[in-house]
>>> print(open('query08.csv').read())   # CSV, C-alpha atoms and all ligand atoms
chain,number,residue,atom,x,y,z
E,1,MET,CA,-11.9,-2.4,4.6
E,2,PRO,CA,-13.2,-2.6,8.2
E,3,ASP,CA,-11.2,-0.7,10.8
E,4,ARG,CA,-11.1,-3.8,13.0
E,5,CYS,CA,-10.4,-7.3,11.8
E,6,ILE,CA,-12.8,-10.1,12.6
E,7,CYS,CA,-10.3,-13.0,12.1
E,8,PRO,CA,-9.8,-15.2,15.2
E,9,HIS,CA,-6.2,-14.0,15.8
E,10,CYS,CA,-6.8,-10.3,15.9
E,11,GLU,CA,-7.3,-8.6,19.3
E,12,ASP,CA,-7.9,-4.9,19.6
E,13,THR,CA,-5.5,-4.5,22.5
E,14,ALA,CA,-1.9,-3.4,23.1
E,15,ASP,CA,-1.5,-6.4,25.4
E,16,PHE,CA,-1.4,-8.9,22.6
E,17,PRO,CA,-1.7,-12.6,23.7
E,18,GLU,CA,1.3,-14.6,22.8
E,19,GLN,CA,-0.7,-17.4,21.2
E,20,ASN,CA,-2.4,-14.9,18.9
E,21,ARG,CA,0.9,-13.4,18.0
E,22,ARG,CA,2.1,-16.9,16.9
E,23,ASP,CA,-1.1,-17.5,15.0
E,24,LEU,CA,-0.8,-14.2,13.2
E,25,PHE,CA,2.8,-14.9,12.3
E,26,ALA,CA,1.8,-18.3,10.9
E,27,PHE,CA,-1.0,-16.7,8.9
E,28,LEU,CA,1.2,-14.0,7.5
E,29,TYR,CA,3.9,-16.5,6.6
E,30,MET,CA,1.4,-18.8,5.0
E,31,ALA,CA,-0.3,-16.1,2.9
E,32,MET,CA,3.0,-14.6,1.7
E,33,GLU,CA,5.3,-17.6,1.3
E,34,LEU,CA,3.3,-20.8,0.9
E,35,GLY,CA,0.5,-18.9,-0.9
E,36,ALA,CA,2.8,-17.9,-3.7
E,37,LYS,CA,1.9,-21.1,-5.6
E,38,ALA,CA,-1.8,-21.2,-4.8
E,39,VAL,CA,-2.3,-17.4,-5.3
E,40,PRO,CA,0.3,-16.2,-7.7
E,41,GLU,CA,-1.1,-12.7,-7.9
E,42,SER,CA,0.7,-10.9,-5.1
E,43,GLY,CA,-1.9,-8.1,-4.8
E,44,SER,CA,-4.5,-10.8,-3.9
E,45,ARG,CA,-2.1,-12.2,-1.3
E,46,LEU,CA,-1.7,-8.8,0.3
E,47,ALA,CA,-5.5,-8.3,0.2
E,48,LEU,CA,-5.9,-11.5,2.2
E,49,VAL,CA,-3.9,-10.1,5.1
E,50,GLN,CA,-5.0,-6.5,4.7
E,51,PRO,CA,-7.6,-6.6,7.5
E,52,CYS,CA,-5.0,-7.7,10.0
E,53,TYR,CA,-2.5,-4.7,9.5
E,54,THR,CA,-3.5,-3.1,12.8
E,55,SER,CA,-2.9,-6.5,14.6
E,56,PHE,CA,0.4,-7.1,12.9
E,57,GLY,CA,1.5,-3.8,14.4
E,58,LEU,CA,0.2,-4.6,17.8
E,59,ALA,CA,1.8,-8.1,17.7
E,60,GLY,CA,5.2,-6.7,16.8
E,61,LEU,CA,5.2,-8.1,13.3
E,62,SER,CA,5.8,-4.8,11.5
E,63,GLU,CA,9.4,-5.4,10.5
E,64,TYR,CA,8.5,-8.9,9.3
E,65,PHE,CA,5.7,-7.5,7.2
E,66,ALA,CA,7.9,-4.7,5.8
E,67,TYR,CA,10.4,-7.4,4.7
E,68,MET,CA,7.6,-9.4,3.0
E,69,GLY,CA,6.1,-6.3,1.5
E,70,ARG,CA,9.5,-5.2,0.0
E,71,ARG,CA,10.0,-8.6,-1.5
E,72,ILE,CA,6.6,-8.7,-3.1
E,73,ILE,CA,6.9,-5.1,-4.4
E,74,GLU,CA,10.3,-5.9,-6.0
E,75,SER,CA,8.9,-8.9,-7.7
E,76,LEU,CA,6.1,-6.9,-9.5
E,77,THR,CA,6.8,-6.6,-13.2
E,78,ASP,CA,3.4,-5.6,-14.5
E,79,SER,CA,1.7,-2.3,-13.9
E,80,ARG,CA,-1.8,-3.9,-13.4
E,81,HIS,CA,-0.3,-6.0,-10.6
E,82,TRP,CA,1.5,-2.9,-9.2
E,83,VAL,CA,-1.9,-1.1,-8.9
E,84,LEU,CA,-3.6,-4.1,-7.2
E,85,ALA,CA,-0.7,-4.5,-4.7
E,86,MET,CA,-0.7,-0.7,-3.9
E,87,LEU,CA,-4.5,-0.8,-3.3
E,88,ALA,CA,-4.0,-3.8,-1.0
E,89,LEU,CA,-1.3,-2.0,1.0
E,90,GLU,CA,-3.8,0.7,2.1
E,91,GLY,CA,-3.9,0.6,5.9
E,92,CYS,CA,-0.3,-0.5,6.3
E,93,GLN,CA,0.4,2.9,8.0
E,94,ARG,CA,-1.1,1.2,11.1
E,95,MET,CA,2.2,-0.7,11.5
E,96,PRO,CA,5.0,1.5,12.7
E,97,ASP,CA,7.6,2.5,10.1
E,98,VAL,CA,6.1,0.5,7.2
E,99,ALA,CA,4.2,2.9,5.0
E,100,GLU,CA,7.0,5.3,4.2
E,101,GLN,CA,9.5,2.6,3.5
E,102,LEU,CA,7.2,0.6,1.2
E,103,ALA,CA,6.1,3.7,-0.6
E,104,GLU,CA,9.7,4.4,-1.5
E,105,VAL,CA,10.3,0.8,-2.7
E,106,ALA,CA,7.1,0.9,-4.7
E,107,VAL,CA,7.9,4.0,-6.7
E,108,THR,CA,11.4,2.7,-7.4
E,109,SER,CA,10.0,-0.6,-8.5
E,110,LEU,CA,7.4,1.2,-10.8
E,111,LYS,CA,10.2,3.2,-12.3
E,112,ILE,CA,12.2,0.1,-13.0
E,113,SER,CA,9.3,-1.8,-14.6
E,114,THR,CA,7.9,1.1,-16.7
E,115,LEU,CA,11.2,2.9,-17.7
E,116,ASP,CA,9.2,5.9,-18.8
E,117,THR,CA,7.9,8.8,-16.7
E,118,THR,CA,4.8,9.4,-18.8
E,119,ARG,CA,3.8,5.7,-18.4
E,120,MET,CA,4.5,6.0,-14.7
E,121,ILE,CA,2.1,8.9,-14.4
E,122,GLU,CA,-0.6,6.9,-16.2
E,123,VAL,CA,-0.2,4.0,-13.9
E,124,ALA,CA,-0.3,6.3,-10.8
E,125,ILE,CA,-3.5,7.9,-12.1
E,126,GLU,CA,-5.1,4.5,-12.6
E,127,TYR,CA,-4.2,3.8,-9.0
E,128,VAL,CA,-5.6,7.0,-7.7
E,129,LYS,CA,-8.8,6.5,-9.7
E,130,ARG,CA,-9.4,3.0,-8.1
E,131,LEU,CA,-8.5,4.1,-4.6
E,132,ARG,CA,-11.3,3.9,-2.0
E,133,VAL,CA,-10.5,5.0,1.5
E,134,SER,CA,-12.8,4.6,4.4
E,135,GLY,CA,-12.9,4.9,8.1
E,136,ARG,CA,-11.4,7.6,10.2
E,137,THR,CA,-7.7,8.2,10.7
E,138,ALA,CA,-6.2,9.3,14.0
E,139,ASP,CA,-5.2,12.9,14.2
E,140,ARG,CA,-2.4,13.7,11.8
E,141,GLU,CA,-2.1,10.0,10.8
E,142,ARG,CA,-1.2,9.8,7.2
E,143,ARG,CA,-2.6,7.1,5.0
E,144,PHE,CA,-0.5,4.9,2.8
E,145,TYR,CA,-1.7,6.5,-0.4
E,146,GLN,CA,-0.5,9.9,0.9
E,147,TYR,CA,3.0,8.4,1.4
E,148,LEU,CA,2.8,6.8,-2.0
E,149,VAL,CA,1.7,9.9,-3.8
E,150,ASP,CA,4.4,12.0,-2.1
E,151,ALA,CA,7.1,9.5,-3.0
E,152,PHE,CA,5.8,9.4,-6.5
E,153,ALA,CA,5.7,13.1,-7.0
E,154,ASN,CA,9.2,13.5,-5.5
E,155,LEU,CA,10.6,10.9,-7.9
E,156,VAL,CA,9.0,12.4,-11.0
E,157,VAL,CA,10.1,15.9,-10.1
E,158,ARG,CA,13.6,14.7,-9.4
E,159,GLU,CA,13.7,13.0,-12.9
E,160,LYS,CA,12.1,15.7,-14.9
E,161,GLY,CA,12.3,18.9,-12.9
E,162,PHE,CA,9.7,21.6,-13.6
E,163,ASP,CA,8.4,19.8,-16.8
E,164,ALA,CA,6.9,17.2,-14.5
E,165,PHE,CA,4.1,19.6,-13.6
E,166,LEU,CA,3.2,19.9,-17.2
E,167,ASP,CA,3.2,16.1,-17.5
E,168,PHE,CA,1.0,15.8,-14.5
E,169,HIS,CA,-1.3,18.5,-15.9
E,170,ASP,CA,-1.6,16.9,-19.4
E,171,ARG,CA,-2.6,13.6,-17.8
E,172,ASP,CA,-5.3,15.1,-15.6
E,173,TRP,CA,-3.4,14.2,-12.4
E,174,TYR,CA,-4.9,17.2,-10.6
E,175,LYS,CA,-8.4,16.0,-11.4
E,176,ALA,CA,-7.6,12.5,-10.2
E,177,ASP,CA,-6.5,13.9,-6.9
E,178,GLU,CA,-9.7,16.0,-6.6
E,179,SER,CA,-11.8,13.0,-7.1
E,180,VAL,CA,-10.1,11.2,-4.2
E,181,ARG,CA,-11.0,14.2,-2.0
E,182,ASP,CA,-14.6,14.2,-3.3
E,183,ARG,CA,-15.0,10.5,-2.5
E,184,ARG,CA,-13.5,11.0,1.0
E,185,GLY,CA,-15.9,13.9,1.6
E,186,THR,CA,-18.9,11.7,1.0
E,187,LEU,CA,-17.7,8.8,3.2
A,1,ZN,ZN,-7.0,-10.4,11.5
>>> encode(input="query08.csv", output="structure tokens")
Amino acid sequence: MPDRCICPHCEDTADFPEQNRRDLFAFLYMAMELGAKAVPESGSRLALVQPCYTSFGLAGLSEYFAYMGRRIIESLTDSRHWVLAMLALEGCQRMPDVAEQLAEVAVTSLKISTLDTTRMIEVAIEYVKRLRVSGRTADRERRFYQYLVDAFANLVVREKGFDAFLDFHDRDWYKADESVRDRRGTL
């Protein structure tokens, strides 16, 4: 994912032109609402708008995106779609107050759809294995996956207490985490 979007509405400036703001809003609305019939897979709809996350933030559309994101996440019933949607949300930390909120909604939704901690850990490992992060982050900026992994670990530990660590260990969670760090190291 490029750091900057090359779509015609995105401007890399805090002084966001009103016309572009309206175009971006229309684009987001189309991709999320009208696109539901044309592109039923919600992860793909999120991937469509993923390059514009920075601009949504600059254009003041963070709250609207968070609302859309929540609705999409709550509609996910399938773990494969959950993984795709989570991958497409990478970068949403560039919009103020979105990443932490959506990470919480996402782990709750995963819990409701899987109903089983062991299965949840398997889905989360699948996500971590497929994750590719690129580009630099601002000092101390946390990426979406870090919010998500934190929210996930908190939920599992709340459910299972200390046994959760054994579950993580048995499923090679710690190895999956190392492989993200290795990939980041080579980027
Ligand atoms: Zn854009």
>>> residues_near_ligand(input="query08.csv", ligand="ligand ZN 1 (chain A)", cutoff="12 Å", atoms="only C-alpha atoms and all ligand atoms", output="ChimeraX atom specification")
/E:1-12,20-21,23-28,47-59
>>> write_last_selection(input="query08.csv", atoms="C-alpha atoms", output="short mmCIF file (atom, residue, chain, number, x, y, z; two decimals), keeping the file's coordinate frame")
data_model
loop_
_atom_site.label_atom_id
_atom_site.label_comp_id
_atom_site.auth_asym_id
_atom_site.auth_seq_id
_atom_site.Cartn_x
_atom_site.Cartn_y
_atom_site.Cartn_z
CA MET E 1 -11.90 -2.40 4.60
CA PRO E 2 -13.20 -2.60 8.20
CA ASP E 3 -11.20 -0.70 10.80
CA ARG E 4 -11.10 -3.80 13.00
CA CYS E 5 -10.40 -7.30 11.80
CA ILE E 6 -12.80 -10.10 12.60
CA CYS E 7 -10.30 -13.00 12.10
CA PRO E 8 -9.80 -15.20 15.20
CA HIS E 9 -6.20 -14.00 15.80
CA CYS E 10 -6.80 -10.30 15.90
CA GLU E 11 -7.30 -8.60 19.30
CA ASP E 12 -7.90 -4.90 19.60
CA ASN E 20 -2.40 -14.90 18.90
CA ARG E 21 0.90 -13.40 18.00
CA ASP E 23 -1.10 -17.50 15.00
CA LEU E 24 -0.80 -14.20 13.20
CA PHE E 25 2.80 -14.90 12.30
CA ALA E 26 1.80 -18.30 10.90
CA PHE E 27 -1.00 -16.70 8.90
CA LEU E 28 1.20 -14.00 7.50
CA ALA E 47 -5.50 -8.30 0.20
CA LEU E 48 -5.90 -11.50 2.20
CA VAL E 49 -3.90 -10.10 5.10
CA GLN E 50 -5.00 -6.50 4.70
CA PRO E 51 -7.60 -6.60 7.50
CA CYS E 52 -5.00 -7.70 10.00
CA TYR E 53 -2.50 -4.70 9.50
CA THR E 54 -3.50 -3.10 12.80
CA SER E 55 -2.90 -6.50 14.60
CA PHE E 56 0.40 -7.10 12.90
CA GLY E 57 1.50 -3.80 14.40
CA LEU E 58 0.20 -4.60 17.80
CA ALA E 59 1.80 -8.10 17.70
#
>>> closest_atom_pairs(input="query08.csv", of="stretch 28-110 of chain E", to="stretch 155-159 of chain E", cutoff="12 Å", atoms="all atoms listed in the file", output="tab-separated table")
residue	atom	partner	partner_atom	distance
E:Ala103	CA	E:Leu155	CA	11.2
E:Glu104	CA	E:Leu155	CA	9.2
E:Val105	CA	E:Leu155	CA	11.4
E:Ala106	CA	E:Leu155	CA	11.1
E:Val107	CA	E:Leu155	CA	7.5
E:Thr108	CA	E:Leu155	CA	8.3
E:Ser109	CA	E:Leu155	CA	11.5
E:Leu110	CA	E:Leu155	CA	10.6
>>> write_last_selection(input="query08.csv", atoms="C-alpha atoms", output="PDB file, keeping the file's coordinate frame")
ATOM      1  CA  ALA E 103       6.100   3.700  -0.600  1.00  0.00           C
ATOM      2  CA  GLU E 104       9.700   4.400  -1.500  1.00  0.00           C
ATOM      3  CA  VAL E 105      10.300   0.800  -2.700  1.00  0.00           C
ATOM      4  CA  ALA E 106       7.100   0.900  -4.700  1.00  0.00           C
ATOM      5  CA  VAL E 107       7.900   4.000  -6.700  1.00  0.00           C
ATOM      6  CA  THR E 108      11.400   2.700  -7.400  1.00  0.00           C
ATOM      7  CA  SER E 109      10.000  -0.600  -8.500  1.00  0.00           C
ATOM      8  CA  LEU E 110       7.400   1.200 -10.800  1.00  0.00           C
TER       9      LEU E 110
END
>>> closest_residue(input="query08.csv", among="E:Ser134, E:Gln19, E:Ser62, E:Asn154", to="E:Pro96", atoms="all atoms listed in the file")
E:Ser62
>>> closest_residue(input="query08.csv", among="E:Glu33, E:Trp173, E:Phe65, E:Glu18", to="E:Glu126", atoms="only C-alpha atoms")
E:Trp173
>>> atom_distance(input="query08.csv", atom1="atom CA of E:Leu84", atom2="atom CA of E:Arg22")
27.9 Å
>>> atom_distance(input="query08.csv", atom1="atom CA of E:Leu148", atom2="atom CA of E:Ala36")
24.8 Å
